[in-house]
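Chemist: This structure is in structure tokens; I'll ask about it shortly.
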Amino acid sequence: MIRMISRAALLIASVSASFAMAASLNFEHLQVRATPPGASNSGGYMVVENPSNQSHALVAVESDIAKSIELHTHEMKDGVMSMHKVKDIVVPAGGQVVFQPGGYHIMIMGLHHTLKVGDMVHFTMILKNGEKIAVHAPVVAPEDIKQHDNKMHMGSSDSMHKKHMKMDDETEHH
Ligand SMILES: [Cu+2]
């Protein structure tokens, strides 16, 4: 599903790229989660698209809204969901990577002030090739954070495998 969407996006992007020097990665659907007063952490979500014909990596995100910002992912380990830092996010040529709750996110730690719905957060996206891309993201209520698909990133082969296991179990019981 994601692959089909990205092919369509690539077609559109390649047309516009021929007119102007485009950034190597496009940052779409940016959202930052609003925080209750006194909260120190928040999360940023987006869809990163790569309209170019080579892979590009996002290596850091900068902003003056917080002490530190990291690229994070969620991982199920021993039945427990935990999050950890990733050193880069590689977006394949013509592909996209979705940042959404339960998966990749921009981890915002040590907020300098509360993030209110309607605020605008400015980020600088740092690419591995040294490119810096300025973007801004609206602050939205937690319930308005978009879930782009209900499967975990890279989870499709896993869930297919599980379906197989289930089928095997059922045949055994017969
Ligand atoms: Cu995190």
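All residue names refer to the structure tokens as shown: chains lettered A, B, ... in order, residues numbered from 1 in each chain, ligands numbered from 1 in order.
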Counting only C-alpha atoms and all ligand atoms, what are the residues, protein, DNA or RNA alike, that approach ligand 1 to within 6 Å? I want them as a list in words.
Modeler: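 Those residues are His72, Met83 and Met107 of chain A.
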Chemist: With N, CA and C atoms kept, could you save the residues just selected as a short mmCIF file (atom, residue, chain, number, x, y, z; two decimals), in the first residue's frame?
Modeler:
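Done, and the output landed in again.cif:
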data_model
loop_
_atom_site.label_atom_id
_atom_site.label_comp_id
_atom_site.auth_asym_id
_atom_site.auth_seq_id
_atom_site.Cartn_x
_atom_site.Cartn_y
_atom_site.Cartn_z
N HIS A 72 13.47 8.75 17.03
CA HIS A 72 13.15 7.55 17.82
C HIS A 72 12.30 6.57 17.04
N MET A 83 10.74 2.54 23.42
CA MET A 83 11.26 3.36 22.33
C MET A 83 12.73 3.59 22.51
N MET A 107 11.47 12.79 18.71
CA MET A 107 11.38 12.84 20.17
C MET A 107 11.86 14.20 20.65
#
Chemist: Would you list the contacts of range 89-99 of chain A as a list of chain:residue names, taking every protein, DNA or RNA residue within 6 Å and counting only C-alpha atoms, but skipping same-chain residues closer than 3 positions in sequence?
Modeler: A:Ser6, A:Leu10, A:Tyr45, A:Met46, A:Val47, A:Val48, A:Glu49, A:Asn50, A:Pro51, A:Ser52, A:Asn53, A:Gln54, A:Ser55, A:His56, A:Ala57, A:Leu58, A:Tyr104, A:His105
Chemist: Generate the output file for the selected residues, N, CA and C atoms, as a JSON list (two decimals), in the first residue's frame.
Modeler:
[["chain", "number", "residue", "atom", "x", "y", "z"],
["A", 6, "SER", "N", 3.74, 5.72, -2.85],
["A", 6, "SER", "CA", 5.00, 6.40, -3.11],
["A", 6, "SER", "C", 5.32, 6.45, -4.59],
["A", 10, "LEU", "N", 6.06, 9.79, -6.54],
["A", 10, "LEU", "CA", 7.30, 9.94, -7.30],
["A", 10, "LEU", "C", 7.00, 10.55, -8.66],
["A", 45, "TYR", "N", 5.42, 14.14, 14.27],
["A", 45, "TYR", "CA", 5.06, 13.10, 13.30],
["A", 45, "TYR", "C", 5.00, 13.71, 11.91],
["A", 46, "MET", "N", 5.22, 12.88, 10.89],
["A", 46, "MET", "CA", 5.27, 13.39, 9.52],
["A", 46, "MET", "C", 5.40, 12.23, 8.54],
["A", 47, "VAL", "N", 5.33, 12.59, 7.26],
["A", 47, "VAL", "CA", 5.66, 11.63, 6.21],
["A", 47, "VAL", "C", 6.86, 12.21, 5.47],
["A", 48, "VAL", "N", 7.94, 11.44, 5.40],
["A", 48, "VAL", "CA", 9.13, 11.89, 4.69],
["A", 48, "VAL", "C", 9.16, 11.21, 3.32],
["A", 49, "GLU", "N", 9.17, 12.03, 2.29],
["A", 49, "GLU", "CA", 9.17, 11.48, 0.93],
["A", 49, "GLU", "C", 10.49, 11.78, 0.24],
["A", 50, "ASN", "N", 10.93, 10.82, -0.54],
["A", 50, "ASN", "CA", 12.17, 10.98, -1.29],
["A", 50, "ASN", "C", 11.85, 10.95, -2.79],
["A", 51, "PRO", "N", 11.76, 12.14, -3.41],
["A", 51, "PRO", "CA", 11.41, 12.19, -4.83],
["A", 51, "PRO", "C", 12.60, 11.94, -5.74],
["A", 52, "SER", "N", 13.78, 11.78, -5.17],
["A", 52, "SER", "CA", 14.99, 11.66, -5.99],
["A", 52, "SER", "C", 15.24, 10.21, -6.41],
["A", 53, "ASN", "N", 16.28, 10.01, -7.19],
["A", 53, "ASN", "CA", 16.58, 8.66, -7.66],
["A", 53, "ASN", "C", 17.71, 8.00, -6.87],
["A", 54, "GLN", "N", 18.01, 8.56, -5.69],
["A", 54, "GLN", "CA", 18.96, 7.88, -4.81],
["A", 54, "GLN", "C", 18.46, 7.98, -3.37],
["A", 55, "SER", "N", 18.90, 7.08, -2.52],
["A", 55, "SER", "CA", 18.41, 7.11, -1.15],
["A", 55, "SER", "C", 19.05, 8.28, -0.39],
["A", 56, "HIS", "N", 18.29, 8.81, 0.56],
["A", 56, "HIS", "CA", 18.79, 9.90, 1.41],
["A", 56, "HIS", "C", 18.46, 9.57, 2.84],
["A", 57, "ALA", "N", 19.29, 10.03, 3.76],
["A", 57, "ALA", "CA", 19.07, 9.74, 5.16],
["A", 57, "ALA", "C", 18.88, 11.03, 5.96],
["A", 58, "LEU", "N", 17.90, 10.98, 6.84],
["A", 58, "LEU", "CA", 17.69, 12.04, 7.82],
["A", 58, "LEU", "C", 18.52, 11.65, 9.04],
["A", 104, "TYR", "N", 8.14, 5.39, 14.14],
["A", 104, "TYR", "CA", 9.12, 6.47, 14.15],
["A", 104, "TYR", "C", 8.48, 7.76, 14.65],
["A", 105, "HIS", "N", 9.24, 8.53, 15.42],
["A", 105, "HIS", "CA", 8.77, 9.85, 15.84],
["A", 105, "HIS", "C", 9.95, 10.77, 16.11]]
Chemist: With range 130-152 of chain A as the partner and 8 Å as the cut-off, tabulate the residues of range 45-115 of chain A that qualify, each row holding the nearest pair of atoms and their distance in Å to one decimal, using only C-alpha atoms, sorted by chain and rising number, as a tab-separated table.
Modeler:
residue	atom	partner	partner_atom	distance
A:Tyr45	CA	A:Ile145	CA	7.8
A:Val98	CA	A:His148	CA	7.3
A:Gln100	CA	A:Gln147	CA	5.9
A:Pro101	CA	A:Gln147	CA	6.9
A:Gly102	CA	A:Met152	CA	7.1
A:Gly103	CA	A:Met152	CA	6.5
A:Leu115	CA	A:Val139	CA	6.7
Chemist: Kindly export the residues of the current selection with N, CA and C atoms, as a CSV table (one decimal), in the first residue's frame.
Modeler:
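Written out: part.csv:
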chain,number,residue,atom,x,y,z
A,45,TYR,N,5.4,14.1,14.3
A,45,TYR,CA,5.1,13.1,13.3
A,45,TYR,C,5.0,13.7,11.9
A,98,VAL,N,7.0,6.8,7.1
A,98,VAL,CA,6.0,7.4,7.9
A,98,VAL,C,6.4,7.5,9.4
A,100,GLN,N,4.7,8.1,12.9
A,100,GLN,CA,3.4,8.1,13.5
A,100,GLN,C,3.5,7.4,14.8
A,101,PRO,N,2.4,7.7,15.7
A,101,PRO,CA,2.4,7.1,17.0
A,101,PRO,C,2.6,5.6,16.9
A,102,GLY,N,3.5,5.0,17.8
A,102,GLY,CA,3.7,3.6,17.7
A,102,GLY,C,4.9,3.2,16.8
A,103,GLY,N,5.4,4.2,16.1
A,103,GLY,CA,6.5,3.9,15.2
A,103,GLY,C,7.6,5.0,15.3
A,115,LEU,N,3.5,23.4,24.8
A,115,LEU,CA,3.1,23.5,23.4
A,115,LEU,C,1.5,23.5,23.3
Chemist: With only C-alpha atoms as the atoms that count, which of A:Met76, A:Lys128, A:Phe123, A:Ser82 lies nearest to Phe27 in chain A?
Modeler: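 Closest to Phe27 in chain A of all the choices is A:Phe123.
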Chemist: From the set A:Asn129, A:Val117, A:His29, A:Gly44, which residue has the shortest atom-to-atom contact distance to Glu62 in chain A, counting only C-alpha atoms?
Modeler: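 Comparing A:Asn129, A:Val117, A:His29, A:Gly44 against Glu62 in chain A, the winner is A:Gly44.
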Chemist: Pick the closest to Leu30 in chain A from A:Ala60, A:Ile65, A:His113, A:Gly43: which is it, counting only C-alpha atoms?
Modeler: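 Among the listed residues, A:Gly43 lies closest to Leu30 in chain A.
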Chemist: By how many Å are CA of Lys116 in chain A and CA of Ser63 in chain A apart?
Modeler: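 Here the two named atoms are 16.3 Å from each other.
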